[in-house]
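A.B. asks: input25.csv is reproduced in full below (CSV, C-alpha atoms).
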```
chain,number,residue,atom,x,y,z
A,191,MET,CA,45.1,-18.3,24.1
A,192,HIS,CA,41.3,-18.4,23.6
A,193,PRO,CA,40.4,-15.5,21.3
A,194,ASN,CA,37.8,-14.2,23.8
A,195,PHE,CA,40.1,-14.6,26.8
A,196,ASP,CA,41.4,-11.5,28.6
A,197,SER,CA,44.3,-12.4,30.9
A,198,GLY,CA,43.2,-9.8,33.3
A,199,HIS,CA,39.7,-11.2,33.7
A,200,SER,CA,38.2,-14.6,34.2
A,201,PHE,CA,36.4,-16.0,31.1
A,202,ILE,CA,32.8,-16.8,31.7
A,203,ASN,CA,30.7,-18.4,28.9
A,204,SER,CA,27.3,-16.8,29.5
A,205,GLU,CA,24.5,-15.0,27.7
A,206,ASP,CA,22.8,-11.8,28.8
A,207,ALA,CA,19.5,-11.5,27.0
A,208,GLY,CA,16.0,-10.1,27.5
A,209,SER,CA,12.9,-9.4,25.5
A,210,PHE,CA,10.6,-6.5,25.3
A,211,GLN,CA,7.7,-5.4,23.2
A,212,VAL,CA,6.4,-2.0,22.0
A,213,ASP,CA,2.6,-1.4,21.9
A,214,TRP,CA,1.3,0.5,18.8
A,215,THR,CA,-2.1,1.9,18.3
A,216,HIS,CA,-3.1,1.8,14.6
A,217,ARG,CA,-6.1,4.0,13.9
A,218,LEU,CA,-8.2,4.0,10.7
A,219,LEU,CA,-11.1,6.5,10.3
A,220,THR,CA,-13.3,7.4,7.3
A,221,THR,CA,-15.0,10.7,6.9
A,222,ARG,CA,-15.9,13.3,4.2
A,223,ASP,CA,-14.4,16.8,4.1
A,224,ALA,CA,-11.8,16.1,6.7
A,225,LEU,CA,-10.3,19.6,6.5
A,226,ALA,CA,-13.6,21.5,6.8
A,227,PRO,CA,-13.2,23.8,9.8
A,228,SER,CA,-16.4,22.3,11.3
A,229,ASN,CA,-15.0,18.7,11.1
A,230,THR,CA,-13.3,18.0,14.4
A,231,LEU,CA,-12.2,14.4,13.5
A,232,LEU,CA,-8.5,15.3,12.8
A,233,ALA,CA,-8.2,17.7,15.7
A,234,ASP,CA,-9.7,15.1,18.1
A,235,LEU,CA,-7.0,12.7,17.1
A,236,LEU,CA,-4.2,14.9,18.3
A,237,PRO,CA,-2.8,14.7,21.9
A,238,ASP,CA,-3.7,17.6,24.2
A,239,ASP,CA,-1.3,17.1,27.1
A,240,ASP,CA,1.3,19.8,26.1
A,241,GLY,CA,-0.9,22.4,24.3
A,242,PRO,CA,-1.3,22.6,20.6
A,243,VAL,CA,1.0,20.3,18.6
A,244,ARG,CA,3.3,21.7,15.9
A,245,MET,CA,2.6,20.4,12.4
A,246,ILE,CA,3.8,20.7,8.8
A,247,ALA,CA,1.7,19.6,5.9
A,248,ILE,CA,3.2,17.8,2.9
A,249,LEU,CA,0.8,17.7,-0.1
A,250,ASP,CA,0.9,15.6,-3.3
A,251,GLN,CA,1.2,18.0,-6.4
A,252,GLY,CA,-1.5,15.9,-8.3
A,253,LEU,CA,-3.9,16.3,-5.4
A,254,VAL,CA,-3.3,20.1,-5.3
A,255,THR,CA,-3.8,20.4,-9.0
A,256,ALA,CA,-7.2,18.6,-8.6
A,257,HIS,CA,-8.1,20.5,-5.5
A,258,PRO,CA,-6.3,23.9,-5.7
A,259,GLU,CA,-8.1,25.1,-2.6
A,260,LEU,CA,-6.5,22.4,-0.4
A,261,PRO,CA,-3.4,24.4,0.9
A,262,THR,CA,-5.8,27.1,2.1
A,263,GLN,CA,-8.1,24.5,3.6
A,264,VAL,CA,-5.3,23.1,5.7
A,265,GLN,CA,-4.5,26.6,6.9
A,266,LEU,CA,-8.2,27.4,7.7
A,267,TRP,CA,-8.6,24.0,9.5
A,268,ALA,CA,-5.6,24.8,11.7
A,269,GLU,CA,-6.8,28.3,12.5
A,270,ALA,CA,-10.2,26.8,13.5
A,271,ASN,CA,-8.5,24.5,16.0
A,272,PRO,CA,-5.9,26.7,17.7
A,273,ARG,CA,-6.0,24.6,21.0
A,274,SER,CA,-5.1,21.4,19.1
A,275,VAL,CA,-2.6,22.4,16.4
A,276,ARG,CA,-0.2,25.1,15.3
A,277,LEU,CA,0.7,24.9,11.6
A,278,VAL,CA,4.4,25.7,11.0
A,279,GLY,CA,4.7,27.5,7.6
A,280,ASP,CA,2.9,27.0,4.4
A,281,ALA,CA,2.1,23.5,3.0
A,282,VAL,CA,5.0,21.9,1.1
A,283,ILE,CA,4.0,20.6,-2.3
A,284,VAL,CA,5.8,17.5,-3.6
A,285,PRO,CA,5.6,15.6,-6.9
A,286,GLY,CA,3.3,12.6,-6.8
A,287,GLY,CA,3.0,9.3,-8.7
A,288,GLU,CA,5.6,6.5,-8.6
A,289,GLN,CA,8.3,9.1,-9.4
A,290,ALA,CA,8.0,10.2,-5.8
A,291,LYS,CA,9.6,7.0,-4.8
A,292,ASN,CA,12.1,6.6,-7.6
A,293,ASP,CA,14.7,9.0,-6.1
A,294,PHE,CA,15.4,10.9,-2.9
A,295,GLY,CA,13.6,14.1,-4.0
A,296,VAL,CA,10.5,13.8,-1.9
A,297,PHE,CA,12.4,12.2,1.0
A,298,ASN,CA,14.9,15.1,1.0
A,299,THR,CA,12.3,17.8,0.7
A,300,THR,CA,10.4,16.4,3.7
A,301,ALA,CA,13.5,15.9,5.8
A,302,GLN,CA,14.7,19.4,5.0
A,303,ALA,CA,11.3,20.9,6.0
A,304,ILE,CA,11.3,18.9,9.3
A,305,ASN,CA,14.8,20.3,10.0
A,306,GLU,CA,14.2,23.9,9.0
A,307,ARG,CA,10.9,24.3,10.7
A,308,GLY,CA,12.0,22.7,14.0
A,309,ILE,CA,9.7,19.7,13.9
A,310,CYS,CA,10.5,17.4,16.8
A,311,ARG,CA,9.4,13.9,17.8
A,312,LYS,CA,6.3,15.2,19.5
A,313,SER,CA,5.3,17.3,16.4
A,314,PHE,CA,3.4,16.0,13.4
A,315,VAL,CA,3.8,15.6,9.7
A,316,LEU,CA,0.4,15.6,7.9
A,317,ALA,CA,0.9,13.9,4.6
A,318,ALA,CA,-1.9,13.9,2.0
A,319,GLY,CA,-1.6,12.2,-1.3
A,320,GLY,CA,-1.3,8.9,-3.2
A,321,GLY,CA,0.5,5.8,-1.9
A,322,ALA,CA,3.9,6.7,-3.4
A,323,VAL,CA,3.9,10.1,-1.7
A,324,LEU,CA,2.8,8.6,1.6
A,325,ASP,CA,5.6,6.0,1.4
A,326,ALA,CA,8.3,8.6,0.6
A,327,VAL,CA,7.2,11.2,3.2
A,328,GLY,CA,6.7,8.4,5.7
A,329,TYR,CA,10.2,7.2,5.2
A,330,ALA,CA,11.6,10.7,5.9
A,331,ALA,CA,9.3,11.2,8.9
A,332,ALA,CA,10.4,7.8,10.3
A,333,SER,CA,14.1,8.5,9.7
A,334,THR,CA,14.3,12.1,11.1
A,335,HIS,CA,14.8,12.2,14.9
A,336,ARG,CA,14.4,8.4,14.6
A,337,GLY,CA,10.7,8.9,14.2
A,338,VAL,CA,8.4,12.0,13.9
A,339,ARG,CA,4.7,11.3,14.3
A,340,MET,CA,2.7,11.2,11.1
A,341,LEU,CA,-0.9,11.6,10.1
A,342,ARG,CA,-1.7,9.9,6.7
A,343,MET,CA,-4.5,11.2,4.5
A,344,PRO,CA,-4.6,8.8,1.5
A,345,THR,CA,-6.3,10.4,-1.5
A,346,THR,CA,-6.6,7.6,-4.1
A,347,THR,CA,-8.6,4.4,-4.0
A,348,LEU,CA,-5.4,2.4,-4.0
A,349,ALA,CA,-4.0,4.3,-1.1
A,350,GLN,CA,-7.2,4.4,0.9
A,351,ALA,CA,-7.9,0.7,0.5
A,352,ASP,CA,-4.3,-0.6,0.8
A,353,ALA,CA,-1.1,1.4,0.5
A,354,GLY,CA,-2.0,4.0,3.1
A,355,ILE,CA,-3.2,1.4,5.6
A,356,GLY,CA,0.0,-0.5,6.1
A,357,VAL,CA,2.9,0.2,8.5
A,358,LYS,CA,5.5,0.3,5.8
A,359,ASN,CA,7.4,3.3,4.4
A,360,GLY,CA,10.0,3.3,1.6
A,361,ILE,CA,11.4,4.3,-1.7
A,362,ASN,CA,12.6,2.4,-4.8
A,363,ALA,CA,16.3,2.0,-5.3
A,364,TYR,CA,18.8,0.0,-7.4
A,365,GLY,CA,16.1,-1.0,-9.8
A,366,LYS,CA,14.0,-2.7,-7.0
A,367,LYS,CA,10.7,-1.6,-5.6
A,368,ASN,CA,10.7,-0.6,-1.9
A,369,PHE,CA,14.4,-1.5,-1.5
A,370,LEU,CA,14.9,1.2,1.1
A,371,GLY,CA,12.4,1.8,3.9
A,372,THR,CA,11.2,1.2,7.4
A,373,PHE,CA,8.3,-0.3,9.4
A,374,SER,CA,6.7,2.6,11.3
A,375,PRO,CA,3.0,2.8,12.0
A,376,PRO,CA,1.4,6.3,11.5
A,377,TRP,CA,-0.4,8.0,14.3
A,378,ALA,CA,-3.6,7.6,12.3
A,379,VAL,CA,-4.9,7.0,8.8
A,380,VAL,CA,-7.8,9.3,7.8
A,381,ASN,CA,-9.7,8.4,4.6
A,382,ASP,CA,-11.6,11.4,3.1
A,383,THR,CA,-14.0,9.8,0.6
A,384,ASN,CA,-14.8,13.2,-1.1
A,385,LEU,CA,-11.1,13.4,-2.3
A,386,LEU,CA,-11.8,10.5,-4.6
A,387,THR,CA,-14.2,12.4,-6.8
A,388,SER,CA,-11.5,14.2,-8.7
A,389,LEU,CA,-9.6,11.0,-9.7
A,390,SER,CA,-9.4,10.0,-13.3
A,391,ASP,CA,-11.3,6.8,-14.3
A,392,ARG,CA,-7.9,5.0,-14.3
A,393,ASP,CA,-7.0,6.0,-10.8
A,394,TRP,CA,-10.6,5.6,-9.6
A,395,ARG,CA,-10.5,1.8,-10.4
A,396,SER,CA,-6.8,1.2,-9.7
A,397,GLY,CA,-7.3,0.3,-6.0
A,398,LEU,CA,-10.1,-2.2,-6.7
A,399,SER,CA,-7.6,-4.9,-7.7
A,400,GLU,CA,-6.5,-4.9,-4.0
A,401,SER,CA,-10.2,-5.2,-3.0
A,402,VAL,CA,-10.5,-8.3,-5.2
A,403,LYS,CA,-7.2,-9.7,-3.8
A,404,VAL,CA,-8.2,-9.4,-0.1
A,405,ALA,CA,-11.7,-10.6,-0.8
A,406,LEU,CA,-10.4,-13.8,-2.5
A,407,LEU,CA,-8.0,-14.3,0.5
A,408,LYS,CA,-10.3,-13.5,3.4
A,409,ASP,CA,-14.0,-12.8,2.6
A,410,PRO,CA,-16.1,-14.7,0.1
A,411,ASP,CA,-19.1,-12.6,0.9
A,412,PHE,CA,-17.2,-9.4,0.0
A,413,PHE,CA,-16.1,-11.0,-3.3
A,414,GLU,CA,-19.7,-11.6,-4.1
A,415,GLU,CA,-20.4,-7.9,-3.2
A,416,LEU,CA,-17.6,-6.8,-5.5
A,417,GLN,CA,-19.2,-8.7,-8.4
A,418,ARG,CA,-22.6,-7.2,-7.7
A,419,LEU,CA,-21.3,-3.6,-7.4
A,420,ALA,CA,-18.9,-3.7,-10.4
A,421,THR,CA,-21.3,-1.7,-12.7
A,422,ARG,CA,-22.0,0.9,-10.0
A,423,THR,CA,-18.3,1.4,-9.3
A,424,ARG,CA,-17.5,1.8,-13.1
A,425,GLN,CA,-20.3,4.5,-13.1
A,426,ARG,CA,-18.4,6.3,-10.3
A,427,ASP,CA,-21.0,5.7,-7.6
A,428,LEU,CA,-19.3,7.3,-4.5
A,429,ASP,CA,-21.4,5.5,-1.9
A,430,ALA,CA,-20.5,2.1,-3.5
A,431,MET,CA,-16.9,3.1,-3.7
A,432,GLU,CA,-16.8,4.2,-0.1
A,433,MET,CA,-18.3,0.9,1.1
A,434,ILE,CA,-15.7,-1.1,-1.0
A,435,VAL,CA,-12.8,1.0,0.1
A,436,ARG,CA,-13.8,0.9,3.7
A,437,ARG,CA,-14.3,-2.9,3.7
A,438,THR,CA,-11.0,-3.4,1.9
A,439,ALA,CA,-9.1,-1.1,4.3
A,440,CYS,CA,-10.6,-2.8,7.4
A,441,LEU,CA,-9.6,-6.2,6.1
A,442,HIS,CA,-6.0,-5.0,5.6
A,443,MET,CA,-6.1,-3.3,9.0
A,444,ASP,CA,-7.4,-6.5,10.6
A,445,HIS,CA,-4.5,-8.5,9.1
A,446,ILE,CA,-1.9,-6.1,10.3
A,447,VAL,CA,-3.3,-5.8,13.9
A,448,HIS,CA,-4.4,-9.4,14.4
A,449,GLY,CA,-2.3,-11.4,11.9
A,450,GLY,CA,0.6,-11.8,14.4
A,451,ASP,CA,3.3,-10.4,12.2
A,452,PRO,CA,2.8,-6.7,11.5
A,453,PHE,CA,6.5,-6.1,10.7
A,454,GLU,CA,6.7,-9.1,8.4
A,455,LEU,CA,9.4,-11.0,10.3
A,456,THR,CA,8.3,-14.4,9.0
A,457,ILE,CA,8.3,-15.5,5.4
A,458,ALA,CA,4.6,-15.7,4.8
A,459,ARG,CA,2.9,-12.5,3.5
A,460,PRO,CA,-0.6,-13.4,2.3
A,461,LEU,CA,-1.5,-9.9,1.4
A,462,ASP,CA,1.2,-10.1,-1.3
A,463,PHE,CA,-1.0,-12.5,-3.3
A,464,GLY,CA,-0.5,-11.6,-7.0
A,465,HIS,CA,2.3,-9.2,-6.2
A,466,TRP,CA,5.5,-11.0,-7.3
A,467,SER,CA,4.7,-10.5,-11.0
A,468,ALA,CA,3.0,-7.2,-10.3
A,469,HIS,CA,6.1,-5.6,-8.9
A,470,LYS,CA,8.2,-6.9,-11.7
A,471,LEU,CA,5.7,-5.8,-14.4
A,472,GLU,CA,5.8,-2.2,-13.0
A,473,GLN,CA,9.6,-2.2,-13.3
A,474,MET,CA,9.6,-3.8,-16.8
A,475,THR,CA,7.3,-1.0,-18.1
A,476,ASN,CA,9.1,1.8,-16.3
A,477,PHE,CA,5.9,2.1,-14.2
A,478,GLU,CA,3.8,2.8,-17.2
A,479,VAL,CA,1.6,0.0,-15.7
A,480,ALA,CA,0.2,1.4,-12.5
A,481,HIS,CA,0.4,-0.7,-9.3
A,482,GLY,CA,-3.3,-1.6,-9.2
A,483,GLU,CA,-3.3,-2.5,-12.9
A,484,ALA,CA,-0.2,-4.7,-12.3
A,485,VAL,CA,-1.9,-6.4,-9.3
A,486,ALA,CA,-4.9,-7.2,-11.5
A,487,ILE,CA,-2.7,-9.0,-14.0
A,488,GLY,CA,-0.7,-10.6,-11.2
A,489,LEU,CA,-3.8,-12.0,-9.6
A,490,ALA,CA,-4.9,-13.4,-13.0
A,491,ILE,CA,-1.5,-15.1,-13.5
A,492,ASP,CA,-1.4,-16.7,-10.0
A,493,LEU,CA,-5.1,-17.8,-10.1
A,494,THR,CA,-4.5,-19.4,-13.6
A,495,TYR,CA,-1.4,-21.1,-12.3
A,496,ALA,CA,-3.3,-22.5,-9.3
A,497,ALA,CA,-6.0,-23.8,-11.5
A,498,MET,CA,-3.4,-25.4,-13.9
A,499,MET,CA,-1.7,-27.1,-10.9
A,500,GLY,CA,-5.1,-28.6,-9.8
A,501,ARG,CA,-5.2,-26.5,-6.7
A,502,LEU,CA,-8.2,-24.2,-7.7
A,503,ASP,CA,-11.5,-24.9,-9.3
A,504,GLU,CA,-11.8,-23.4,-12.8
A,505,SER,CA,-15.1,-21.8,-11.9
A,506,ILE,CA,-13.4,-19.6,-9.3
A,507,LEU,CA,-10.7,-18.6,-11.8
A,508,ARG,CA,-13.4,-17.6,-14.3
A,509,SER,CA,-15.4,-15.6,-11.6
A,510,ALA,CA,-12.3,-13.7,-10.5
A,511,ARG,CA,-11.2,-12.9,-14.0
A,512,ARG,CA,-14.7,-11.8,-14.9
A,513,CYS,CA,-14.9,-9.6,-11.8
A,514,LEU,CA,-11.6,-7.9,-12.6
A,515,ILE,CA,-12.7,-7.2,-16.2
A,516,ASP,CA,-16.1,-5.9,-15.1
A,517,LEU,CA,-14.4,-3.5,-12.7
A,518,GLY,CA,-12.6,-2.1,-15.8
A,519,PHE,CA,-9.1,-3.8,-15.7
A,520,SER,CA,-7.3,-5.0,-18.8
A,521,LEU,CA,-5.5,-8.3,-18.0
A,522,ASP,CA,-3.0,-8.1,-20.9
A,523,HIS,CA,0.2,-6.2,-21.6
A,524,PRO,CA,2.9,-6.7,-24.2
A,525,ALA,CA,5.5,-7.1,-21.4
A,526,LEU,CA,3.9,-10.5,-20.6
A,527,GLU,CA,5.7,-11.8,-23.8
A,528,HIS,CA,9.0,-11.6,-21.9
A,529,HIS,CA,8.7,-14.6,-19.7
A,530,ASP,CA,12.3,-14.8,-18.6
A,531,LEU,CA,12.4,-11.2,-17.4
A,532,LEU,CA,9.1,-11.5,-15.7
A,533,LEU,CA,10.0,-14.7,-13.9
A,534,GLU,CA,13.0,-12.8,-12.5
A,535,GLY,CA,10.4,-11.4,-10.2
A,536,LEU,CA,10.3,-14.6,-8.3
A,537,ARG,CA,13.9,-14.3,-7.4
A,538,GLU,CA,13.6,-10.7,-6.4
A,539,PHE,CA,10.5,-11.4,-4.4
A,540,ARG,CA,12.3,-14.1,-2.4
A,541,GLU,CA,15.2,-11.8,-1.9
A,542,HIS,CA,13.0,-9.0,-0.6
A,543,LEU,CA,11.2,-11.3,1.8
A,544,GLY,CA,14.3,-13.2,2.9
A,545,GLY,CA,14.5,-16.9,3.5
A,546,ARG,CA,12.9,-19.3,1.1
A,547,LEU,CA,10.5,-18.4,-1.7
A,548,THR,CA,6.9,-18.1,-0.4
A,549,ILE,CA,4.1,-17.4,-2.8
A,550,THR,CA,0.5,-17.2,-1.6
A,551,LEU,CA,-2.2,-18.8,-3.8
A,552,ILE,CA,-5.8,-19.7,-3.0
A,553,GLU,CA,-7.4,-23.2,-2.9
A,554,ASP,CA,-10.9,-21.8,-2.6
A,555,LEU,CA,-12.5,-18.5,-1.8
A,556,GLY,CA,-11.2,-17.5,1.7
A,557,ARG,CA,-8.7,-20.3,1.7
A,558,PRO,CA,-5.1,-19.1,1.1
A,559,VAL,CA,-2.2,-21.5,0.8
A,560,ASP,CA,1.5,-20.8,0.7
A,561,VAL,CA,3.7,-22.6,-1.8
A,562,HIS,CA,7.5,-22.6,-1.8
A,563,GLU,CA,8.3,-24.0,-5.2
A,564,ILE,CA,7.0,-22.9,-8.6
A,565,ASP,CA,6.8,-25.1,-11.7
A,566,LEU,CA,8.3,-22.6,-14.1
A,567,GLY,CA,6.9,-24.4,-17.2
A,568,THR,CA,3.4,-24.3,-15.8
A,569,MET,CA,3.9,-20.6,-14.8
A,570,ARG,CA,4.9,-19.8,-18.4
A,571,ARG,CA,1.8,-21.5,-19.7
A,572,ALA,CA,-0.3,-19.5,-17.1
A,573,ILE,CA,1.1,-16.2,-18.3
A,574,ASP,CA,0.3,-17.1,-21.9
A,575,ASP,CA,-3.2,-18.2,-21.0
A,576,VAL,CA,-3.9,-14.9,-19.3
A,577,ARG,CA,-2.9,-13.1,-22.5
A,578,THR,CA,-5.0,-15.4,-24.6
A,579,ALA,CA,-8.0,-15.1,-22.4
A,580,ALA,CA,-7.7,-11.3,-22.3
A,581,MET,CA,-7.4,-11.0,-26.1
A,582,ASN,CA,-10.4,-13.3,-26.6
A,583,GLU,CA,-12.4,-11.2,-24.2
A,584,SER,CA,-11.3,-8.0,-26.1
A,585,SER,CA,-12.4,-9.6,-29.4
A,586,ARG,CA,-15.8,-10.5,-27.9
A,587,ALA,CA,-16.2,-7.0,-26.5
A,588,GLY,CA,-15.3,-5.5,-29.9
```
Here is the file; what I need is its structure written in the form of structure tokens.
C.D. replies:
Amino acid sequence: MHPNFDSGHSFINSEDAGSFQVDWTHRLLTTRDALAPSNTLLADLLPDDDGPVRMIAILDQGLVTAHPELPTQVQLWAEANPRSVRLVGDAVIVPGGEQAKNDFGVFNTTAQAINERGICRKSFVLAAGGGAVLDAVGYAAASTHRGVRMLRMPTTTLAQADAGIGVKNGINAYGKKNFLGTFSPPWAVVNDTNLLTSLSDRDWRSGLSESVKVALLKDPDFFEELQRLATRTRQRDLDAMEMIVRRTACLHMDHIVHGGDPFELTIARPLDFGHWSAHKLEQMTNFEVAHGEAVAIGLAIDLTYAAMMGRLDESILRSARRCLIDLGFSLDHPALEHHDLLLEGLREFREHLGGRLTITLIEDLGRPVDVHEIDLGTMRRAIDDVRTAAMNESSRAG
């Protein structure tokens, strides 16, 4: 008997299939003092068809330490907009930094608050913090009720320029970055430039490696602007930083909205330029190396490899390396000595994407190219060259 044959029914070999699509609106806004009672930008984003929306606020502990007035500001903002929002309970404070993604702590705290405060699918989670907090809170919001609406307020240069703009949420697990997660666009992303002023110098510059990355991939004029503004950004010029972050965020947003693959169903992910080694370097150092710092080193490695393979002019490699250094990045770390472990990042990168290995390089400014095979011997030489060049630069500076 045929394994699909039911003696009581006729067997028909047919296929029932259909297709559908879901429209998403992805909003990105830049302002200053977003939670000032007189600033209506956030309130204007909220739907007004069913009266004031219910909302809980989840705040990054590091952000609250730098801005202790913030929980009160959230409350005062809500009280100033009673026709738009009803805050349910006090703000929830969660640990920030990469540790927010290294276990289920922030995820569970958020999910518990959503449950205990009766937050439904038409309610909102307002999450303010660095990229790791936004990822973990976003994962919880996307999972509870199969999706609670979320407002993201990124508060670091890295989050405002890149991490907070994407449509991904997730946490690290099983020794792998972003192993658990979802694709779920937020209701809106609101960048408050004034929140950057309290960042340490390290966190201030961290997101600028993503600016260099996207400029090399998509916008040669922006790359020239980054070179020109390097000194001003190191001197913490807020206007210069706002321009850089806004341009970087818009380029990332444009790729998500118009790139044709927002949920990364294909194998090519050009915005992961420099990231295969960056992700592995973070893990190898137990996240002592921050993401933006790792991306700077990862860019230097892949640019050097492309030049060694004859794909990229040496002058562009030198300009990019110079730009990263001028922005304040170190392109060396002792972990780069461990070639075999670092090169495991290629396998993990392929596994995370699925399908065959795909690494994005550039052939010229604004001209990305995908490669599917890596010459490991040349890549080892590229890693060593990055270290040598960085040490030589350090000697000259000394």
A.B. asks: Please report the interatomic distance between CA of Ala351 (chain A) and CA of Trp267 (chain A) in Å with one decimal.
C.D. replies: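 Computing it gives 25.0 Å between the two atoms.
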A.B. asks: Against region 540-549 of chain A, which residues of region 327-409 of chain A fall within 12 Å? For each one I want the closest pair of atoms and the distance in Å (one decimal), counting only C-alpha atoms, rows by chain and increasing residue number, as CSV.
C.D. replies:
```
residue,atom,partner,partner_atom,distance
A:Lys366,CA,A:His542,CA,9.0
A:Lys367,CA,A:His542,CA,9.2
A:Asn368,CA,A:His542,CA,8.8
A:Phe369,CA,A:His542,CA,7.7
A:Leu370,CA,A:His542,CA,10.5
A:Gly371,CA,A:His542,CA,11.7
```
A.B. asks: In Å to one decimal, how far is CA of Leu260 (chain A) from CA of Arg437 (chain A)?
C.D. replies: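 Taking CA of Arg437 (chain A) and CA of Leu260 (chain A), their separation equals 26.8 Å.
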A.B. asks: State, in Å with one decimal place, the distance from CA of Trp214 (chain A) to CA of Phe412 (chain A).
C.D. replies: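 Value for the CA of Trp214 (chain A)-CA of Phe412 (chain A) distance: 28.2 Å.
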A.B. asks: I'd like a table as JSON lines: residues in region 330-418 of chain A with an atom no more than 9 Å from region 511-528 of chain A, each row giving the shortest atom pair and its distance in Å to one decimal, all atoms listed in the file counted, sorted by chain and rising residue number.
C.D. replies:
```
{"residue": "A:Arg392", "atom": "CA", "partner": "A:Gly518", "partner_atom": "CA", "distance": 8.6}
{"residue": "A:Arg395", "atom": "CA", "partner": "A:Leu517", "partner_atom": "CA", "distance": 7.0}
{"residue": "A:Ser396", "atom": "CA", "partner": "A:Phe519", "partner_atom": "CA", "distance": 8.1}
{"residue": "A:Leu398", "atom": "CA", "partner": "A:Leu517", "partner_atom": "CA", "distance": 7.5}
{"residue": "A:Ser399", "atom": "CA", "partner": "A:Leu514", "partner_atom": "CA", "distance": 7.0}
{"residue": "A:Val402", "atom": "CA", "partner": "A:Leu514", "partner_atom": "CA", "distance": 7.5}
{"residue": "A:Phe413", "atom": "CA", "partner": "A:Cys513", "partner_atom": "CA", "distance": 8.7}
{"residue": "A:Leu416", "atom": "CA", "partner": "A:Cys513", "partner_atom": "CA", "distance": 7.4}
{"residue": "A:Gln417", "atom": "CA", "partner": "A:Cys513", "partner_atom": "CA", "distance": 5.6}
```
A.B. asks: If you count all atoms listed in the file, which residues fall within 12 Å of Asp238 (chain A), apart from same-chain ones fewer than 6 positions away, as a VMD selection string?
C.D. replies: chain A and resid 244 271 to 275 312 to 313
A.B. asks: Check the smallest atom-to-atom distance from each of A:Val447, A:Ala349, A:Leu386, A:Met474 to Glu432 (chain A) using all atoms listed in the file, then report the winner.
C.D. replies: A:Leu386
A.B. asks: Could you check the closest approach to Leu531 (chain A) for each of A:Arg276, A:His445, A:His469, A:Arg459 and tell me which residue wins, using all atoms listed in the file?
C.D. replies: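 Nearest to Leu531 (chain A): A:His469.
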A.B. asks: Compile the contact shell of region 372-384 of chain A as a ChimeraX atom specification: residues with an atom at most 7 Å away, counting all atoms listed in the file, same-chain residues fewer than 6 positions apart removed.
C.D. replies: /A:216-224,329,332,339-344,350,355,357-360,432,453
A.B. asks: From the set A:Pro558, A:Ala226, A:Phe314, A:Pro410, which residue has the shortest atom-to-atom contact distance to Ser509 (chain A), counting only C-alpha atoms?
C.D. replies: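 Answer, going by the shortest atom-to-atom distance: A:Pro410.
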A.B. asks: Give as a ChimeraX atom specification every residue, naming chains and numbers as the document does, that has an atom within 9 Å of (-7.9, 4.6, -11.0), counting only C-alpha atoms.
C.D. replies: /A:346-348,389-398,480,482-483
A.B. asks: Please dump the current selection as a tab-separated table (two decimals), keeping the file's coordinate frame; keep C-alpha atoms.
C.D. replies:
```tsv
chain	number	residue	atom	x	y	z
A	346	THR	CA	-6.60	7.60	-4.10
A	347	THR	CA	-8.60	4.40	-4.00
A	348	LEU	CA	-5.40	2.40	-4.00
A	389	LEU	CA	-9.60	11.00	-9.70
A	390	SER	CA	-9.40	10.00	-13.30
A	391	ASP	CA	-11.30	6.80	-14.30
A	392	ARG	CA	-7.90	5.00	-14.30
A	393	ASP	CA	-7.00	6.00	-10.80
A	394	TRP	CA	-10.60	5.60	-9.60
A	395	ARG	CA	-10.50	1.80	-10.40
A	396	SER	CA	-6.80	1.20	-9.70
A	397	GLY	CA	-7.30	0.30	-6.00
A	398	LEU	CA	-10.10	-2.20	-6.70
A	480	ALA	CA	0.20	1.40	-12.50
A	482	GLY	CA	-3.30	-1.60	-9.20
A	483	GLU	CA	-3.30	-2.50	-12.90
```
A.B. asks: Using only C-alpha atoms, can you tell me which of A:Ala318, A:Ala353, A:Leu225, A:Val296 comes closest to Ala281 (chain A)?
C.D. replies: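 Selected residue with least distance to Ala281 (chain A): A:Ala318.
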A.B. asks: Which one of A:Leu277, A:Cys440, A:Val561, A:Ala317 sits closest to Gly356 (chain A) if you count only C-alpha atoms?
C.D. replies: A:Cys440
A.B. asks: From the list A:Ala326, A:Ala579, A:Ala405, A:Ala268, which residue is nearest Val243 (chain A) when using all atoms listed in the file?
C.D. replies: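 Residue with the minimum atom-to-atom distance to Val243 (chain A): A:Ala268.
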A.B. asks: Which residues are close to His529 (chain A), i.e. within 12 Å by all atoms listed in the file, leaving aside same-chain residues fewer than 5 positions away? Reply as a PyMOL selection string.
C.D. replies: chain A and resi 467+470-471+474+491+524+534-536+566-574
A.B. asks: Kindly output region 428-432 of chain A as a short mmCIF file (atom, residue, chain, number, x, y, z; two decimals), in the coordinates of the input, after building N, CA and C atoms.
C.D. replies:
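Heads up, here's the output in result-v7.cif:
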```cif
data_model
loop_
_atom_site.label_atom_id
_atom_site.label_comp_id
_atom_site.auth_asym_id
_atom_site.auth_seq_id
_atom_site.Cartn_x
_atom_site.Cartn_y
_atom_site.Cartn_z
N LEU A 428 -20.22 7.04 -5.68
CA LEU A 428 -19.30 7.30 -4.50
C LEU A 428 -19.72 6.49 -3.32
N ASP A 429 -21.00 6.27 -3.09
CA ASP A 429 -21.40 5.50 -1.90
C ASP A 429 -20.92 4.03 -2.09
N ALA A 430 -21.03 3.48 -3.30
CA ALA A 430 -20.50 2.10 -3.50
C ALA A 430 -19.03 2.06 -3.32
N MET A 431 -18.32 3.05 -3.85
CA MET A 431 -16.90 3.10 -3.70
C MET A 431 -16.47 3.21 -2.23
N GLU A 432 -17.16 4.06 -1.49
CA GLU A 432 -16.80 4.20 -0.10
C GLU A 432 -16.99 2.91 0.67
#
```
